[in-house]
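Visitor: Enclosed is the structure file target-v4.tsv (TSV, N, CA and C atoms).
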```
chain	number	residue	atom	x	y	z
A	1	MET	N	6.54	-8.12	-3.20
A	1	MET	CA	7.33	-7.07	-3.77
A	1	MET	C	6.64	-5.74	-3.48
A	2	THR	N	7.38	-4.77	-3.01
A	2	THR	CA	6.81	-3.47	-2.69
A	2	THR	C	6.59	-2.65	-3.96
A	3	LEU	N	5.82	-1.61	-3.85
A	3	LEU	CA	5.59	-0.70	-4.97
A	3	LEU	C	6.92	-0.14	-5.48
A	4	HIS	N	7.77	0.25	-4.56
A	4	HIS	CA	9.09	0.79	-4.93
A	4	HIS	C	9.88	-0.23	-5.74
A	5	GLU	N	9.86	-1.49	-5.33
A	5	GLU	CA	10.58	-2.54	-6.05
A	5	GLU	C	10.00	-2.76	-7.44
A	6	VAL	N	8.68	-2.71	-7.57
A	6	VAL	CA	8.04	-2.87	-8.87
A	6	VAL	C	8.51	-1.76	-9.81
A	7	VAL	N	8.48	-0.53	-9.33
A	7	VAL	CA	8.89	0.61	-10.16
A	7	VAL	C	10.36	0.49	-10.54
A	8	GLU	N	11.20	0.11	-9.59
A	8	GLU	CA	12.63	-0.05	-9.89
A	8	GLU	C	12.86	-1.14	-10.93
A	9	ARG	N	12.14	-2.23	-10.84
A	9	ARG	CA	12.30	-3.32	-11.82
A	9	ARG	C	11.82	-2.87	-13.20
A	10	LEU	N	10.74	-2.10	-13.24
A	10	LEU	CA	10.27	-1.59	-14.53
A	10	LEU	C	11.29	-0.62	-15.13
A	11	ARG	N	11.86	0.24	-14.31
A	11	ARG	CA	12.89	1.17	-14.81
A	11	ARG	C	14.11	0.40	-15.30
A	12	ALA	N	14.50	-0.64	-14.56
A	12	ALA	CA	15.65	-1.46	-14.98
A	12	ALA	C	15.36	-2.16	-16.30
A	13	PHE	N	14.13	-2.64	-16.47
A	13	PHE	CA	13.75	-3.26	-17.73
A	13	PHE	C	13.89	-2.26	-18.87
A	14	MET	N	13.38	-1.05	-18.67
A	14	MET	CA	13.47	-0.03	-19.71
A	14	MET	C	14.92	0.25	-20.08
A	15	LEU	N	15.77	0.38	-19.09
A	15	LEU	CA	17.18	0.67	-19.33
A	15	LEU	C	17.85	-0.48	-20.08
A	16	THR	N	17.64	-1.69	-19.62
A	16	THR	CA	18.26	-2.87	-20.24
A	16	THR	C	17.77	-3.07	-21.68
A	17	ALA	N	16.47	-2.89	-21.89
A	17	ALA	CA	15.89	-3.10	-23.21
A	17	ALA	C	16.06	-1.90	-24.14
A	18	GLY	N	16.55	-0.80	-23.60
A	18	GLY	CA	16.75	0.41	-24.40
A	18	GLY	C	15.48	1.15	-24.75
A	19	TYR	N	14.48	1.02	-23.88
A	19	TYR	CA	13.20	1.69	-24.11
A	19	TYR	C	13.21	3.11	-23.55
A	20	SER	N	12.73	4.05	-24.34
A	20	SER	CA	12.38	5.37	-23.81
A	20	SER	C	10.97	5.24	-23.25
A	21	GLU	N	10.52	6.24	-22.51
A	21	GLU	CA	9.14	6.20	-22.02
A	21	GLU	C	8.17	6.12	-23.18
A	22	ALA	N	8.44	6.90	-24.22
A	22	ALA	CA	7.53	6.94	-25.38
A	22	ALA	C	7.43	5.56	-26.04
A	23	ARG	N	8.55	4.92	-26.27
A	23	ARG	CA	8.54	3.61	-26.93
A	23	ARG	C	7.89	2.55	-26.03
A	24	PHE	N	8.22	2.59	-24.73
A	24	PHE	CA	7.64	1.64	-23.78
A	24	PHE	C	6.12	1.81	-23.75
A	25	ALA	N	5.66	3.05	-23.76
A	25	ALA	CA	4.22	3.33	-23.75
A	25	ALA	C	3.55	2.76	-24.99
A	26	ILE	N	4.12	3.01	-26.14
A	26	ILE	CA	3.53	2.54	-27.39
A	26	ILE	C	3.48	1.02	-27.44
A	27	GLU	N	4.60	0.38	-27.13
A	27	GLU	CA	4.67	-1.07	-27.26
A	27	GLU	C	3.87	-1.82	-26.18
A	28	SER	N	3.72	-1.20	-25.00
A	28	SER	CA	2.96	-1.86	-23.93
A	28	SER	C	1.47	-1.53	-24.01
A	29	GLY	N	1.11	-0.51	-24.80
A	29	GLY	CA	-0.29	-0.13	-24.94
A	29	GLY	C	-0.80	0.74	-23.81
A	30	VAL	N	0.12	1.39	-23.11
A	30	VAL	CA	-0.25	2.28	-22.00
A	30	VAL	C	-0.01	3.72	-22.45
A	31	PRO	N	-0.97	4.63	-22.27
A	31	PRO	CA	-0.72	6.03	-22.64
A	31	PRO	C	0.54	6.56	-21.94
A	32	GLN	N	1.30	7.38	-22.66
A	32	GLN	CA	2.57	7.85	-22.11
A	32	GLN	C	2.39	8.62	-20.81
A	33	SER	N	1.37	9.44	-20.70
A	33	SER	CA	1.16	10.19	-19.46
A	33	SER	C	0.88	9.26	-18.28
A	34	THR	N	0.14	8.19	-18.54
A	34	THR	CA	-0.15	7.19	-17.50
A	34	THR	C	1.11	6.45	-17.10
A	35	LEU	N	1.90	6.08	-18.10
A	35	LEU	CA	3.18	5.42	-17.83
A	35	LEU	C	4.08	6.31	-17.00
A	36	HIS	N	4.15	7.57	-17.37
A	36	HIS	CA	5.01	8.52	-16.65
A	36	HIS	C	4.60	8.60	-15.18
A	37	ARG	N	3.30	8.75	-14.91
A	37	ARG	CA	2.83	8.81	-13.52
A	37	ARG	C	3.12	7.52	-12.77
A	38	ALA	N	2.96	6.40	-13.44
A	38	ALA	CA	3.18	5.09	-12.80
A	38	ALA	C	4.64	4.90	-12.40
A	39	LEU	N	5.54	5.52	-13.13
A	39	LEU	CA	6.97	5.37	-12.84
A	39	LEU	C	7.55	6.50	-12.02
A	40	ARG	N	6.92	7.65	-12.01
A	40	ARG	CA	7.50	8.82	-11.35
A	40	ARG	C	6.90	9.15	-10.00
A	41	SER	N	5.60	8.99	-9.87
A	41	SER	CA	4.98	9.39	-8.59
A	41	SER	C	3.84	8.45	-8.20
A	42	PRO	N	4.11	7.15	-8.15
A	42	PRO	CA	3.02	6.23	-7.81
A	42	PRO	C	2.65	6.31	-6.33
A	43	LYS	N	1.36	6.19	-6.08
A	43	LYS	CA	0.86	6.20	-4.70
A	43	LYS	C	0.51	4.78	-4.24
A	44	ARG	N	0.17	3.94	-5.24
A	44	ARG	CA	-0.20	2.56	-4.95
A	44	ARG	C	0.01	1.74	-6.21
A	45	LEU	N	0.01	0.43	-6.05
A	45	LEU	CA	0.13	-0.48	-7.19
A	45	LEU	C	-1.18	-0.46	-7.96
A	46	THR	N	-1.10	-0.21	-9.26
A	46	THR	CA	-2.31	-0.08	-10.08
A	46	THR	C	-2.36	-1.14	-11.17
A	47	LYS	N	-3.48	-1.14	-11.90
A	47	LYS	CA	-3.61	-2.02	-13.06
A	47	LYS	C	-2.53	-1.70	-14.09
A	48	THR	N	-2.16	-0.44	-14.17
A	48	THR	CA	-1.10	-0.04	-15.10
A	48	THR	C	0.20	-0.75	-14.76
A	49	HIS	N	0.55	-0.79	-13.48
A	49	HIS	CA	1.77	-1.49	-13.07
A	49	HIS	C	1.70	-2.96	-13.47
A	50	HIS	N	0.53	-3.57	-13.25
A	50	HIS	CA	0.36	-4.98	-13.61
A	50	HIS	C	0.54	-5.17	-15.12
A	51	LYS	N	-0.05	-4.28	-15.90
A	51	LYS	CA	0.04	-4.39	-17.36
A	51	LYS	C	1.49	-4.22	-17.82
A	52	LEU	N	2.18	-3.24	-17.25
A	52	LEU	CA	3.58	-3.01	-17.61
A	52	LEU	C	4.46	-4.19	-17.23
A	53	CYS	N	4.22	-4.73	-16.05
A	53	CYS	CA	5.00	-5.88	-15.59
A	53	CYS	C	4.74	-7.10	-16.47
A	54	LYS	N	3.51	-7.30	-16.86
A	54	LYS	CA	3.19	-8.42	-17.75
A	54	LYS	C	3.94	-8.26	-19.07
A	55	PHE	N	3.92	-7.07	-19.63
A	55	PHE	CA	4.63	-6.80	-20.88
A	55	PHE	C	6.13	-7.06	-20.72
A	56	ALA	N	6.69	-6.64	-19.57
A	56	ALA	CA	8.13	-6.75	-19.33
A	56	ALA	C	8.54	-8.14	-18.84
A	57	GLY	N	7.56	-9.00	-18.57
A	57	GLY	CA	7.89	-10.33	-18.07
A	57	GLY	C	8.33	-10.34	-16.61
A	58	ILE	N	7.83	-9.37	-15.87
A	58	ILE	CA	8.17	-9.25	-14.45
A	58	ILE	C	7.03	-9.83	-13.63
A	59	GLU	N	7.34	-10.83	-12.81
A	59	GLU	CA	6.34	-11.42	-11.92
A	59	GLU	C	6.25	-10.57	-10.67
A	60	ILE	N	5.04	-10.18	-10.31
A	60	ILE	CA	4.89	-9.43	-9.06
A	60	ILE	C	3.91	-10.15	-8.17
A	61	ASP	N	4.20	-10.12	-6.90
A	61	ASP	CA	3.29	-10.68	-5.91
A	61	ASP	C	2.12	-9.73	-5.77
A	62	GLU	N	0.97	-10.28	-5.45
A	62	GLU	CA	-0.18	-9.43	-5.20
A	62	GLU	C	0.06	-8.62	-3.93
A	63	MET	N	-0.20	-7.36	-4.02
A	63	MET	CA	-0.08	-6.48	-2.86
A	63	MET	C	-1.47	-5.95	-2.53
A	64	PRO	N	-1.73	-5.72	-1.25
A	64	PRO	CA	-3.01	-5.11	-0.91
A	64	PRO	C	-3.07	-3.70	-1.51
A	65	PRO	N	-4.28	-3.18	-1.72
A	65	PRO	CA	-4.40	-1.87	-2.33
A	65	PRO	C	-3.62	-0.78	-1.61
A	66	ASP	N	-3.54	-0.87	-0.31
A	66	ASP	CA	-2.82	0.17	0.42
A	66	ASP	C	-1.62	-0.45	1.13
A	67	ALA	N	-0.62	-0.80	0.36
A	67	ALA	CA	0.56	-1.46	0.92
A	67	ALA	C	1.31	-0.56	1.88
A	68	ARG	N	1.26	0.74	1.64
A	68	ARG	CA	1.96	1.67	2.52
A	68	ARG	C	1.38	1.60	3.94
A	69	ALA	N	0.06	1.58	4.04
A	69	ALA	CA	-0.58	1.48	5.35
A	69	ALA	C	-0.23	0.15	6.01
A	70	GLN	N	-0.20	-0.91	5.21
A	70	GLN	CA	0.15	-2.21	5.76
A	70	GLN	C	1.58	-2.19	6.30
A	71	GLU	N	2.47	-1.56	5.58
A	71	GLU	CA	3.86	-1.49	6.03
A	71	GLU	C	3.97	-0.69	7.33
A	72	VAL	N	3.23	0.41	7.44
A	72	VAL	CA	3.23	1.21	8.67
A	72	VAL	C	2.75	0.36	9.84
A	73	LEU	N	1.67	-0.38	9.61
A	73	LEU	CA	1.14	-1.23	10.67
A	73	LEU	C	2.13	-2.32	11.05
A	74	TRP	N	2.73	-2.97	10.07
A	74	TRP	CA	3.69	-4.04	10.34
A	74	TRP	C	4.88	-3.52	11.13
A	75	ARG	N	5.38	-2.35	10.75
A	75	ARG	CA	6.53	-1.77	11.48
A	75	ARG	C	6.16	-1.48	12.93
A	76	ALA	N	4.96	-0.97	13.15
A	76	ALA	CA	4.53	-0.67	14.51
A	76	ALA	C	4.45	-1.95	15.34
A	77	VAL	N	3.88	-3.00	14.77
A	77	VAL	CA	3.78	-4.27	15.48
A	77	VAL	C	5.18	-4.81	15.76
A	78	ARG	N	6.03	-4.79	14.75
A	78	ARG	CA	7.39	-5.30	14.89
A	78	ARG	C	8.16	-4.53	15.97
A	79	ASP	N	7.92	-3.22	16.05
A	79	ASP	CA	8.62	-2.40	17.05
A	79	ASP	C	8.23	-2.73	18.49
A	80	VAL	N	6.97	-3.14	18.69
A	80	VAL	CA	6.53	-3.40	20.07
A	80	VAL	C	6.55	-4.87	20.46
A	81	TRP	N	6.57	-5.77	19.50
A	81	TRP	CA	6.49	-7.20	19.78
A	81	TRP	C	7.80	-7.72	20.34
A	82	ASP	N	7.73	-8.50	21.43
A	82	ASP	CA	8.95	-9.04	22.04
A	82	ASP	C	9.37	-10.37	21.43
A	83	GLY	N	8.63	-10.87	20.45
A	83	GLY	CA	8.99	-12.09	19.75
A	83	GLY	C	8.37	-13.36	20.29
A	84	THR	N	7.66	-13.28	21.40
A	84	THR	CA	7.07	-14.49	21.97
A	84	THR	C	5.66	-14.71	21.43
A	85	PRO	N	5.23	-15.97	21.38
A	85	PRO	CA	3.86	-16.25	20.93
A	85	PRO	C	2.81	-15.61	21.84
A	86	GLU	N	3.10	-15.58	23.13
A	86	GLU	CA	2.14	-14.99	24.08
A	86	GLU	C	1.95	-13.49	23.81
A	87	HIS	N	3.05	-12.82	23.54
A	87	HIS	CA	2.96	-11.38	23.28
A	87	HIS	C	2.26	-11.13	21.94
A	88	ALA	N	2.48	-12.02	20.96
A	88	ALA	CA	1.79	-11.90	19.67
A	88	ALA	C	0.28	-11.99	19.89
A	89	GLN	N	-0.15	-12.94	20.73
A	89	GLN	CA	-1.57	-13.08	21.03
A	89	GLN	C	-2.12	-11.83	21.72
A	90	ALA	N	-1.35	-11.27	22.64
A	90	ALA	CA	-1.79	-10.07	23.35
A	90	ALA	C	-1.94	-8.89	22.38
A	91	ILE	N	-1.00	-8.74	21.47
A	91	ILE	CA	-1.08	-7.66	20.48
A	91	ILE	C	-2.29	-7.88	19.58
A	92	ALA	N	-2.52	-9.12	19.17
A	92	ALA	CA	-3.68	-9.43	18.32
A	92	ALA	C	-4.99	-9.06	19.03
A	93	ARG	N	-5.07	-9.39	20.33
A	93	ARG	CA	-6.28	-9.04	21.11
A	93	ARG	C	-6.47	-7.53	21.17
A	94	LEU	N	-5.38	-6.78	21.35
A	94	LEU	CA	-5.48	-5.33	21.39
A	94	LEU	C	-5.95	-4.77	20.05
A	95	LEU	N	-5.42	-5.30	18.96
A	95	LEU	CA	-5.84	-4.83	17.64
A	95	LEU	C	-7.31	-5.12	17.40
A	96	LYS	N	-7.75	-6.29	17.78
A	96	LYS	CA	-9.16	-6.65	17.61
A	96	LYS	C	-10.05	-5.77	18.46
A	97	ALA	N	-9.62	-5.49	19.68
A	97	ALA	CA	-10.39	-4.60	20.55
A	97	ALA	C	-10.45	-3.20	19.95
A	98	GLY	N	-9.34	-2.75	19.38
A	98	GLY	CA	-9.30	-1.43	18.74
A	98	GLY	C	-10.23	-1.37	17.54
A	99	ALA	N	-10.31	-2.45	16.77
A	99	ALA	CA	-11.22	-2.49	15.62
A	99	ALA	C	-12.66	-2.41	16.09
A	100	HIS	N	-12.98	-3.06	17.21
A	100	HIS	CA	-14.33	-3.03	17.77
A	100	HIS	C	-14.69	-1.60	18.20
A	101	VAL	N	-13.75	-0.92	18.83
A	101	VAL	CA	-13.98	0.45	19.26
A	101	VAL	C	-14.17	1.34	18.04
A	102	GLY	N	-13.34	1.14	16.99
A	102	GLY	CA	-13.45	1.93	15.77
A	102	GLY	C	-14.79	1.76	15.08
A	103	ALA	N	-15.37	0.57	15.17
A	103	ALA	CA	-16.67	0.31	14.54
A	103	ALA	C	-17.78	1.09	15.21
A	104	HIS	N	-17.58	1.46	16.46
A	104	HIS	CA	-18.60	2.20	17.21
A	104	HIS	C	-18.26	3.68	17.31
A	105	ARG	N	-17.34	4.13	16.51
A	105	ARG	CA	-16.86	5.51	16.59
A	105	ARG	C	-17.97	6.52	16.36
A	106	GLY	N	-18.84	6.28	15.38
A	106	GLY	CA	-19.93	7.22	15.11
A	106	GLY	C	-20.81	7.43	16.33
A	107	THR	N	-21.08	6.36	17.05
A	107	THR	CA	-21.87	6.45	18.26
A	107	THR	C	-21.15	7.31	19.28
A	108	ASP	N	-19.84	7.10	19.41
A	108	ASP	CA	-19.05	7.88	20.37
A	108	ASP	C	-19.11	9.36	20.05
A	109	ARG	N	-19.08	9.72	18.76
A	109	ARG	CA	-19.14	11.13	18.38
A	109	ARG	C	-20.46	11.76	18.79
A	110	ARG	N	-21.55	11.03	18.58
A	110	ARG	CA	-22.84	11.58	18.98
A	110	ARG	C	-22.90	11.80	20.47
A	111	ILE	N	-22.33	10.89	21.22
A	111	ILE	CA	-22.35	11.03	22.67
A	111	ILE	C	-21.55	12.26	23.08
A	112	ARG	N	-20.39	12.45	22.45
A	112	ARG	CA	-19.55	13.60	22.80
A	112	ARG	C	-20.23	14.92	22.45
A	113	LYS	N	-21.02	14.94	21.38
A	113	LYS	CA	-21.66	16.17	20.94
A	113	LYS	C	-22.91	16.50	21.76
A	114	THR	N	-23.42	15.53	22.49
A	114	THR	CA	-24.60	15.75	23.29
A	114	THR	C	-24.25	16.68	24.45
A	115	PRO	N	-25.00	17.74	24.65
A	115	PRO	CA	-24.68	18.66	25.76
A	115	PRO	C	-24.83	17.94	27.10
A	116	HIS	N	-23.98	18.33	28.01
A	116	HIS	CA	-24.02	17.75	29.36
A	116	HIS	C	-25.27	18.24	30.09
A	117	ALA	N	-25.83	17.36	30.87
A	117	ALA	CA	-27.01	17.71	31.68
A	117	ALA	C	-26.56	18.67	32.77
A	118	ARG	N	-27.43	19.63	33.08
A	118	ARG	CA	-27.10	20.58	34.14
A	118	ARG	C	-27.39	19.94	35.49
A	119	THR	N	-26.56	20.24	36.43
A	119	THR	CA	-26.79	19.71	37.77
A	119	THR	C	-27.18	20.78	38.73
```
So that I can check it, write out the structure of this file as structure tokens.
Guide:
Amino acid sequence: MTLHEVVERLRAFMLTAGYSEARFAIESGVPQSTLHRALRSPKRLTKTHHKLCKFAGIEIDEMPPDARAQEVLWRAVRDVWDGTPEHAQAIARLLKAGAHVGAHRGTDRRIRKTPHART
């Protein structure tokens, strides 16, 4: 379940149960300002969302901390993948090679900053 879906289900619960933000905050044990942020401008799935969902009886799948980044990556892969197992393996190899290059990025920066030798 995406962050957006979690928030929509929490809002639907509030509407169905007749909860205002203030009442939902009091009964769930979440400060009202925290509840407001969790429902109005969430950046990621938080412990607050988990607590609210538990109170509301909403089951949520575990999401990685940065689901938005994961979604961006998945869309990029989906856009370039031709659907074959061979192409999936090729994309995986490219991603792994990119991760290896990223791990050595600091070294690359030092090399770039080193002045060129005079000839």
Visitor: Please report the interatomic distance between atom C of A:Glu8 and atom C of A:Gly29 in Å with one decimal.
Guide: 18.9 Å
Visitor: Using only N, CA and C atoms, which of A:Val7, A:Leu95, A:Ala17, A:Ala76 sits nearest A:Ala38?
Guide: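 That would be A:Val7, the residue with the smallest distance to A:Ala38.
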Visitor: Measure the distance from atom CA of A:His50 to atom CA of A:Val77 in Å and round it to one decimal.
Guide: 29.3 Å
Visitor: To one decimal in Å, tell me the separation between atom CA of A:Gly83 and atom CA of A:Ala97.
Guide: 20.8 Å
Visitor: Given all atoms listed in the file as the basis, pick out the residue of A:Arg9, A:Arg44, A:Phe55, A:Val72 nearest to A:Glu27.
Guide: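 Of A:Arg9, A:Arg44, A:Phe55, A:Val72, the one nearest A:Glu27 is A:Phe55, counting all atoms listed in the file.
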Visitor: Need to verify the contact set: A:Leu39, 8 Å, all atoms listed in the file, exclusion of same-chain residues closer than 2 positions in sequence. Can you return it as a ChimeraX atom specification?
Guide: /A:6-8,10-11,33-37,41-42,49
Visitor: With distances taken over only N, CA and C atoms, which of A:Val80, A:Ala22, A:Ile91, A:Leu45 is nearest to A:His4?
Guide: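 Distance minimum relative to A:His4 lands on A:Leu45.
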Visitor: Write out as a PyMOL selection string all residues of stretch 65-97 of chain A that backbone DSSP assigns to alpha helix (DSSP H).
Guide: chain A and resi 67-80+85-97
